[in-house]
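**Student:** If it helps, the file is called entry-v2.cif and holds mmCIF, C-alpha atoms:
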data_data
#
loop_
_atom_site.label_atom_id
_atom_site.label_comp_id
_atom_site.auth_asym_id
_atom_site.auth_seq_id
_atom_site.Cartn_x
_atom_site.Cartn_y
_atom_site.Cartn_z
CA MET A 65 19.23 18.75 1.79
CA PHE A 66 21.01 16.24 -0.43
CA LYS A 67 24.31 16.95 -2.19
CA PRO A 68 23.24 15.97 -5.74
CA LEU A 69 26.72 15.95 -7.31
CA VAL A 70 28.18 13.62 -4.70
CA LEU A 71 25.24 11.23 -4.81
CA SER A 72 25.18 11.33 -8.62
CA LEU A 73 28.80 10.24 -8.69
CA LEU A 74 28.02 7.44 -6.25
CA LEU A 75 25.14 6.23 -8.41
CA ILE A 76 27.27 6.36 -11.54
CA SER A 77 30.24 4.58 -9.99
CA ALA A 78 28.25 1.96 -8.06
CA PRO A 79 27.69 -1.41 -9.68
CA ILE A 80 24.40 -1.41 -11.58
CA THR A 81 22.62 -4.70 -12.12
CA ALA A 82 20.29 -5.66 -14.94
CA LEU A 83 16.53 -5.22 -14.85
CA ALA A 84 15.07 -6.15 -11.47
CA SER A 85 14.13 -9.81 -11.35
CA GLY A 86 10.71 -9.15 -9.88
CA PHE A 87 8.08 -6.48 -9.43
CA ALA A 88 5.03 -6.03 -7.23
CA ILE A 89 2.71 -3.90 -9.37
CA PHE A 90 4.63 -2.02 -12.07
CA SER A 91 5.61 -4.30 -14.93
CA PRO A 92 8.45 -3.29 -17.29
CA LEU A 93 5.82 -2.49 -19.93
CA SER A 94 3.87 -0.14 -17.67
CA ILE A 95 7.12 1.52 -16.59
CA ASN A 96 8.12 2.16 -20.19
CA ARG A 97 4.76 3.82 -20.88
CA MET A 98 5.25 6.31 -18.03
CA ALA A 99 7.59 8.46 -20.07
CA GLN A 100 4.60 9.31 -22.28
CA THR A 101 2.65 10.81 -19.35
CA GLY A 102 4.98 13.73 -18.60
CA ASP A 103 2.72 16.54 -19.78
CA THR A 104 -0.43 15.69 -17.86
CA PRO A 105 -1.95 17.29 -14.73
CA VAL A 106 -1.21 14.17 -12.67
CA ALA A 107 2.40 14.10 -13.82
CA ARG A 108 2.86 17.78 -13.02
CA GLN A 109 1.43 17.19 -9.56
CA VAL A 110 3.87 14.34 -8.97
CA LEU A 111 6.84 16.36 -10.21
CA HIS A 112 5.93 19.21 -7.86
CA ALA A 113 5.69 16.83 -4.88
CA ALA A 114 8.98 15.21 -5.85
CA ASP A 115 10.71 18.59 -6.05
CA LEU A 116 9.58 19.33 -2.51
CA ALA A 117 10.83 15.91 -1.37
CA ARG A 118 14.28 16.27 -2.91
CA HIS A 119 14.84 19.60 -1.17
CA ARG A 120 14.40 18.23 2.33
CA ASN A 121 16.22 15.61 4.33
CA PRO A 122 14.73 12.21 5.12
CA GLN A 123 13.50 11.63 8.66
CA PRO A 124 14.16 7.91 9.28
CA LEU A 125 13.35 6.15 12.51
CA PRO A 126 14.40 2.66 13.59
CA ARG A 127 10.77 2.03 14.55
CA VAL A 128 7.43 3.70 13.88
CA HIS A 129 4.31 3.23 15.97
CA THR A 130 0.87 4.75 15.45
CA GLU A 131 -1.40 1.71 15.90
CA GLY A 132 -3.64 1.89 18.94
CA THR A 133 -2.52 5.39 19.90
CA LEU A 134 -4.31 8.71 20.23
CA PRO A 135 -2.77 12.04 19.10
CA HIS A 136 0.43 12.93 20.99
CA GLN A 137 0.69 9.53 22.68
CA GLY A 138 4.04 7.74 22.66
CA ILE A 139 5.95 8.22 19.39
CA ARG A 140 2.81 8.71 17.31
CA ASP A 141 3.62 12.29 16.23
CA GLN A 142 7.25 11.47 15.38
CA SER A 143 6.13 8.38 13.49
CA ILE A 144 3.63 10.32 11.38
CA ALA A 145 6.33 12.84 10.50
CA ALA A 146 8.80 10.09 9.59
CA GLU A 147 6.25 8.13 7.56
CA ALA A 148 5.78 11.17 5.32
CA ASP A 149 9.03 9.98 3.72
CA TRP A 150 7.35 6.85 2.35
CA PRO A 151 4.97 8.49 -0.15
CA ALA A 152 7.75 11.00 -0.88
CA ILE A 153 9.93 8.07 -1.98
CA LEU A 154 7.18 6.97 -4.38
CA ASN A 155 6.80 10.49 -5.77
CA LEU A 156 10.54 10.64 -6.44
CA ALA A 157 10.40 7.29 -8.25
CA LEU A 158 7.42 8.34 -10.35
CA ALA A 159 9.05 11.69 -11.14
CA TRP A 160 12.22 9.95 -12.32
CA ARG A 161 10.29 7.62 -14.61
CA ILE A 162 8.15 10.48 -15.96
CA SER A 163 10.99 12.92 -16.58
CA GLY A 164 14.09 10.77 -16.98
CA ASP A 165 15.93 13.31 -14.82
CA ASP A 166 18.42 11.53 -12.57
CA VAL A 167 18.13 14.24 -9.92
CA TYR A 168 15.04 12.39 -8.69
CA LEU A 169 16.80 9.02 -8.69
CA VAL A 170 19.66 10.52 -6.69
CA ALA A 171 17.27 11.90 -4.10
CA LEU A 172 15.37 8.62 -3.89
CA SER A 173 18.56 6.66 -3.36
CA GLY A 174 19.40 9.03 -0.51
CA TYR A 175 16.05 8.34 1.15
CA LEU A 176 16.42 4.56 0.81
CA ASP A 177 19.96 4.63 2.16
CA ALA A 178 18.80 6.73 5.12
CA TRP A 179 15.94 4.36 5.99
CA PHE A 180 17.39 0.96 5.20
CA PRO A 181 19.05 -0.83 6.93
CA LEU A 182 18.28 1.45 9.92
CA TYR A 183 14.66 0.32 9.85
CA HIS A 184 13.82 -3.35 10.31
CA ALA A 185 10.39 -4.88 9.92
CA SER A 186 8.46 -4.62 13.19
CA LEU A 187 5.75 -6.96 11.85
CA ASN A 188 3.02 -4.69 13.13
CA PRO A 189 0.94 -4.54 9.93
CA ILE A 190 -0.96 -1.39 10.91
CA ASP A 191 2.23 0.52 11.64
CA GLU A 192 3.79 -0.74 8.41
CA THR A 193 0.90 -0.82 5.96
CA ASN A 194 2.00 2.40 4.22
CA LEU A 195 5.29 0.76 3.27
CA ASP A 196 3.43 -0.39 0.17
CA THR A 197 4.46 2.97 -1.35
CA VAL A 198 8.14 2.10 -0.82
CA ILE A 199 7.64 -1.27 -2.52
CA LEU A 200 6.01 0.49 -5.48
CA ALA A 201 8.94 2.90 -5.64
CA TYR A 202 11.35 -0.03 -5.66
CA ASP A 203 9.48 -1.51 -8.62
CA LEU A 204 10.25 1.65 -10.54
CA THR A 205 13.91 2.04 -9.65
CA ALA A 206 15.50 -1.26 -8.61
CA ASP A 207 17.29 -1.79 -11.92
CA ARG A 208 19.14 1.50 -11.56
CA LEU A 209 20.01 1.52 -7.87
CA PRO A 210 23.50 0.76 -6.52
CA SER A 211 23.99 -2.87 -5.56
CA ALA A 212 24.37 -2.01 -1.85
CA THR A 213 21.04 -0.18 -1.84
CA ARG A 214 19.39 -3.07 -3.64
CA ALA A 215 20.87 -5.58 -1.21
CA ASN A 216 19.44 -3.65 1.73
CA MET A 217 16.06 -3.35 0.05
CA ASP A 218 15.93 -7.03 -0.91
CA ASP A 219 16.81 -7.98 2.65
CA PHE A 220 14.02 -5.74 3.96
CA LEU A 221 11.48 -7.13 1.49
CA ARG A 222 12.39 -10.63 2.58
CA GLN A 223 11.81 -9.62 6.21
CA LEU A 224 8.33 -8.43 5.24
CA ALA A 225 7.43 -11.46 3.14
CA THR A 226 8.74 -14.19 5.43
CA GLY A 227 7.69 -12.45 8.63
CA TYR A 228 4.14 -11.67 7.60
CA ILE A 229 3.50 -15.03 5.96
CA ALA A 230 4.67 -16.77 9.14
CA GLN A 231 2.47 -14.47 11.24
CA ALA A 232 -0.54 -14.98 9.00
CA ARG A 233 -0.20 -18.75 9.27
CA LEU A 234 -0.10 -18.65 13.06
CA LYS A 235 -2.48 -15.84 13.98
CA LYS A 236 -6.16 -16.60 14.50
CA ASP A 237 -7.03 -13.18 13.14
CA HIS A 238 -10.05 -12.77 10.88
CA GLY A 239 -9.95 -8.99 10.57
CA ASN A 240 -8.10 -6.12 8.95
CA TRP A 241 -4.73 -6.81 10.56
CA GLN A 242 -4.55 -10.04 8.58
CA SER A 243 -5.50 -8.20 5.39
CA HIS A 244 -2.59 -5.79 5.87
CA ARG A 245 -0.17 -8.62 6.62
CA ILE A 246 -1.21 -10.32 3.40
CA LYS A 247 -0.85 -7.15 1.32
CA LEU A 248 2.71 -6.51 2.48
CA ALA A 249 3.72 -10.18 2.21
CA THR A 250 2.26 -10.51 -1.28
CA MET A 251 3.80 -7.33 -2.68
CA ALA A 252 7.19 -8.18 -1.18
CA ALA A 253 7.05 -11.76 -2.48
CA PHE A 254 6.29 -10.64 -6.03
CA ALA A 255 8.94 -7.90 -5.84
CA LEU A 256 11.47 -10.60 -4.91
CA ASN A 257 10.14 -12.95 -7.60
CA ASP A 258 10.25 -15.75 -5.05
CA THR A 259 7.88 -18.53 -6.10
CA ALA A 260 7.78 -20.18 -2.68
CA LEU A 261 6.90 -16.91 -0.98
CA ILE A 262 4.29 -16.05 -3.63
CA ASN A 263 2.64 -19.45 -3.11
CA GLY A 264 2.80 -18.99 0.64
CA ALA A 265 1.17 -15.58 0.37
CA HIS A 266 -1.61 -16.98 -1.81
CA LYS A 267 -2.36 -19.75 0.66
CA VAL A 268 -2.79 -17.33 3.58
CA PHE A 269 -4.82 -15.06 1.27
CA GLU A 270 -7.24 -17.91 0.50
CA LYS A 271 -7.48 -18.91 4.17
CA HIS A 272 -8.15 -15.32 5.20
CA LEU A 273 -10.93 -14.89 2.64
CA ALA A 274 -12.65 -17.95 4.11
CA ASN A 275 -12.33 -16.58 7.65
CA ASN A 276 -13.10 -12.97 6.81
CA LEU A 277 -15.81 -12.86 4.15
CA GLN A 278 -19.32 -13.77 5.22
CA ALA A 279 -21.74 -15.50 2.87
CA ASP A 280 -23.50 -12.20 2.10
CA GLY A 281 -20.22 -10.44 1.26
CA SER A 282 -19.88 -8.52 4.52
CA VAL A 283 -16.54 -8.72 6.31
CA PHE A 284 -15.66 -9.82 9.84
CA ASP A 285 -14.67 -6.30 10.92
CA PHE A 286 -18.08 -4.84 10.09
CA HIS A 287 -19.77 -7.12 12.59
CA GLU A 288 -17.15 -6.38 15.27
CA ARG A 289 -16.75 -2.62 14.70
CA ASP A 290 -20.11 -1.65 13.19
CA ALA A 291 -18.26 0.68 10.84
CA LEU A 292 -17.97 0.89 7.07
CA HIS A 293 -14.58 2.52 7.65
CA TYR A 294 -13.31 -0.91 8.61
CA VAL A 295 -14.90 -2.57 5.60
CA VAL A 296 -12.77 -0.29 3.41
CA TYR A 297 -9.72 -0.74 5.63
CA ASP A 298 -10.15 -4.51 5.42
CA LEU A 299 -10.78 -4.80 1.67
CA GLN A 300 -8.30 -2.26 0.29
CA PRO A 301 -5.14 -4.20 1.22
CA LEU A 302 -6.68 -7.39 -0.16
CA LEU A 303 -7.30 -5.63 -3.46
CA MET A 304 -3.66 -4.48 -3.53
CA ALA A 305 -2.55 -8.09 -3.07
CA THR A 306 -5.00 -9.15 -5.77
CA LEU A 307 -3.71 -6.47 -8.16
CA ALA A 308 -0.14 -7.66 -7.62
CA ALA A 309 -1.26 -11.18 -8.50
CA GLN A 310 -3.20 -9.97 -11.55
CA ARG A 311 -0.13 -8.15 -12.87
CA HIS A 312 1.52 -11.58 -12.88
CA ASP A 313 -1.39 -13.31 -14.65
CA GLN A 314 -2.72 -14.87 -11.45
CA ASN A 315 -6.46 -14.49 -10.96
CA TRP A 316 -6.85 -14.25 -7.18
CA VAL A 317 -9.91 -12.04 -7.62
CA GLN A 318 -11.87 -15.16 -8.57
CA ASP A 319 -10.97 -17.08 -5.40
CA VAL A 320 -14.19 -18.35 -3.79
CA THR A 321 -14.70 -19.20 -0.11
CA PRO A 322 -16.50 -22.38 0.99
CA GLU A 323 -19.55 -20.19 1.64
CA GLY A 324 -19.46 -18.79 -1.90
CA ALA A 325 -18.06 -15.35 -1.08
CA THR A 326 -15.54 -13.49 -3.25
CA LEU A 327 -13.89 -10.09 -3.16
CA GLY A 328 -16.34 -9.04 -5.85
CA LYS A 329 -19.24 -10.02 -3.61
CA ALA A 330 -17.70 -7.99 -0.78
CA LEU A 331 -17.39 -4.95 -3.04
CA ASP A 332 -20.96 -5.43 -4.18
CA TRP A 333 -22.09 -5.52 -0.53
CA LEU A 334 -20.45 -2.12 0.03
CA THR A 335 -21.58 -0.58 -3.27
CA PRO A 336 -25.06 0.66 -2.16
CA TYR A 337 -23.39 2.62 0.66
CA ALA A 338 -20.69 4.00 -1.65
CA GLN A 339 -23.38 5.06 -4.14
CA GLY A 340 -25.32 6.84 -1.41
CA ASP A 341 -28.34 4.58 -1.77
CA GLU A 342 -27.90 3.43 1.82
CA THR A 343 -26.36 5.18 4.82
CA HIS A 344 -24.71 3.98 8.00
CA ILE A 345 -23.98 5.65 11.34
CA GLU A 346 -20.51 4.56 12.33
CA TYR A 347 -19.40 2.63 15.45
CA VAL A 348 -22.74 2.70 17.26
CA HIS A 349 -22.49 -0.95 18.28
CA SER A 350 -18.71 -1.43 18.14
CA THR A 351 -17.36 -3.97 20.62
CA VAL A 352 -13.86 -2.43 20.55
CA LYS A 353 -13.10 0.04 23.36
CA PHE A 354 -10.52 1.95 21.32
CA ASP A 355 -13.24 3.09 18.91
CA SER A 356 -15.07 4.98 21.66
CA GLN A 357 -11.75 6.40 22.91
CA ARG A 358 -11.05 7.84 19.46
CA ARG A 359 -14.59 9.21 19.25
CA ASP A 360 -14.21 10.86 22.66
CA ALA A 361 -10.85 12.31 21.58
CA GLY A 362 -12.60 13.97 18.65
CA GLU A 363 -10.84 12.09 15.89
CA PRO A 364 -12.72 12.64 12.63
CA GLY A 365 -14.68 9.74 11.16
CA PHE A 366 -15.36 7.93 14.45
CA SER A 367 -18.93 9.10 14.83
CA GLY A 368 -21.80 10.15 12.62
CA PRO A 369 -22.60 8.94 9.10
CA TRP A 370 -20.02 7.20 6.95
CA ASP A 371 -18.60 9.32 4.11
CA PRO A 372 -18.67 7.40 0.80
CA GLN A 373 -15.68 9.37 -0.48
CA SER A 374 -13.51 7.50 2.01
CA ALA A 375 -13.92 4.53 -0.37
CA THR A 376 -12.48 6.45 -3.35
CA GLN A 377 -9.17 4.59 -3.53
CA LEU A 378 -10.82 1.25 -2.79
CA PHE A 379 -13.13 1.49 -5.78
CA ASN A 380 -10.41 2.92 -8.01
CA LEU A 381 -8.37 -0.17 -7.16
CA ALA A 382 -11.43 -2.30 -7.84
CA ALA A 383 -11.78 -0.64 -11.26
CA LEU A 384 -8.24 -1.73 -12.15
CA LEU A 385 -9.35 -5.30 -11.51
CA ASP A 386 -12.88 -5.09 -12.93
CA GLN A 387 -14.10 -2.28 -15.16
CA ARG A 388 -17.68 -2.56 -13.89
CA TYR A 389 -16.55 -0.53 -10.86
CA ALA A 390 -15.13 2.28 -13.02
CA PRO A 391 -18.29 4.48 -13.08
CA LEU A 392 -18.60 4.40 -9.30
CA ALA A 393 -14.87 5.04 -8.89
CA ALA A 394 -15.08 8.07 -11.18
CA ARG A 395 -18.04 9.40 -9.21
CA LEU A 396 -16.25 9.06 -5.88
CA GLY A 397 -13.05 10.88 -6.85
CA ARG A 398 -9.63 10.78 -8.43
CA PRO A 399 -7.38 7.75 -8.07
CA ALA A 400 -3.93 7.97 -6.53
CA ALA A 401 -1.32 9.21 -8.99
CA TRP A 402 0.42 5.84 -9.22
CA MET A 403 -2.80 4.22 -10.44
CA VAL A 404 -3.13 6.76 -13.25
CA LEU A 405 0.51 6.69 -14.32
CA GLY A 406 0.99 2.94 -13.95
CA GLN A 407 -1.83 1.69 -16.18
#
Please, can you express the file's structure as structure tokens?
**Tutor:**
Amino acid sequence: MFKPLVLSLLLISAPITALASGFAIFSPLSINRMAQTGDTPVARQVLHAADLARHRNPQPLPRVHTEGTLPHQGIRDQSIAAEADWPAILNLALAWRISGDDVYLVALSGYLDAWFPLYHASLNPIDETNLDTVILAYDLTADRLPSATRANMDDFLRQLATGYIAQARLKKDHGNWQSHRIKLATMAAFALNDTALINGAHKVFEKHLANNLQADGSVFDFHERDALHYVVYDLQPLLMATLAAQRHDQNWVQDVTPEGATLGKALDWLTPYAQGDETHIEYVHSTVKFDSQRRDAGEPGFSGPWDPQSATQLFNLAALLDQRYAPLAARLGRPAAWMVLGQ
């Protein structure tokens, strides 16, 4: 458990810089509006989760690894437990902005100082994809964090942006791994407000769309894995990157591949399945051995019909970019709290 008085004094005495120079998703305007959301069901849910987070200690690891593993293999279980800190960090940041109570900022600073610089980017985009929640939390708090904490975070964001852009340029990867690289690189680049990195991220984004999206809007992974799960897992990070660009008045959602495909066309390809008009039995013709291993291990979602509700967050993200997806998003389920509070 944190010692709030000690950490409060550290936050007060530490050098505080001006407003963060960049942001990934949450603009200063959207942050200012959050204070008006304090008495809503979503806000109360966030505050409750943040109270739980501030009364436990962080569980940092120098490395996490879940990709390609079955339950209880390697450090999978420890990694899942440690990664629970990442959404907790976002809940603390949201709670601070909602309530204005520095007890949440103190706890968040403790989490960041426990994780960084202990953790360095592994550049495995599947292991690290959930770090997007930490980047969102940094959007919300960077201007009030001690300079040492900010320096560590900026260094880590630069590791993500430079490392994943370099990987994306070199890898001949047309599937979801590339999508997750691009998400992390793009969010980190915008958070750093680094024009060269933002341009680099956009270039690999455009190249990946051309390699990934088929003329009919289907994605590379669907043809390899025969699973709508991987359509969602492929498109969702690309929509996060696109949302970051949109929040900076860049219209990546309109990028068109040489074959005429767009992210909108990909979403439209998936829409009949998400609406329940069409169904799909997952993984029947997958060419990837690990899919059958997960099915045989009894992991949920790796056999039987695809569940449209697994696309809830995808279509809620899509609705932030294009309101024509809002009715379907509302039908599928509630958006993540940060989407509600950050509009």
**Student:** Which one is closest to A:Leu111: A:Ala401, A:Asn263, A:Ala148, A:Val128? Count all atoms listed in the file.
**Tutor:**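 Using all atoms listed in the file, the shortest distance to A:Leu111 belongs to A:Ala401.
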**Student:** What is the atom CA of A:Phe90-atom CA of A:Pro210 distance in Å, reported with one decimal?
**Tutor:**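 Atom-to-atom, atom CA of A:Phe90 and atom CA of A:Pro210 are spaced 19.9 Å apart.
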**Student:** Using only C-alpha atoms, pick whichever of A:Trp316, A:Tyr294, A:Trp370, A:Phe269 has the shortest atom-to-atom distance to A:Tyr337.
**Tutor:**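 So, comparing all the options, the nearest one is A:Trp370.
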**Student:** Quote the spacing between atom CA of A:Met251 and atom CA of A:Arg120 in Å to one decimal place.
**Tutor:** 28.1 Å
**Student:** Each residue of stretch 210-302 of chain A lying at most 12 Å from stretch 378-393 of chain A should get a row with its shortest atom-to-atom pair and the distance in Å to one decimal, counting all atoms listed in the file; could you produce that, ordered by chain and increasing number, as CSV?
**Tutor:**
residue,atom,partner,partner_atom,distance
A:His293,CA,A:Leu378,CA,11.2
A:Tyr294,CA,A:Leu378,CA,11.9
A:Val295,CA,A:Leu378,CA,10.1
A:Val296,CA,A:Leu378,CA,6.7
A:Tyr297,CA,A:Leu378,CA,8.7
A:Asp298,CA,A:Leu378,CA,10.1
A:Leu299,CA,A:Leu378,CA,7.5
A:Gln300,CA,A:Leu378,CA,5.3
A:Pro301,CA,A:Leu378,CA,8.8
A:Leu302,CA,A:Leu378,CA,9.9
**Student:** Please compute the atom CA of A:Leu176-atom CA of A:Ala230 distance, one decimal, in Å.
**Tutor:**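 Atom CA of A:Ala230 lies 25.7 Å from atom CA of A:Leu176.
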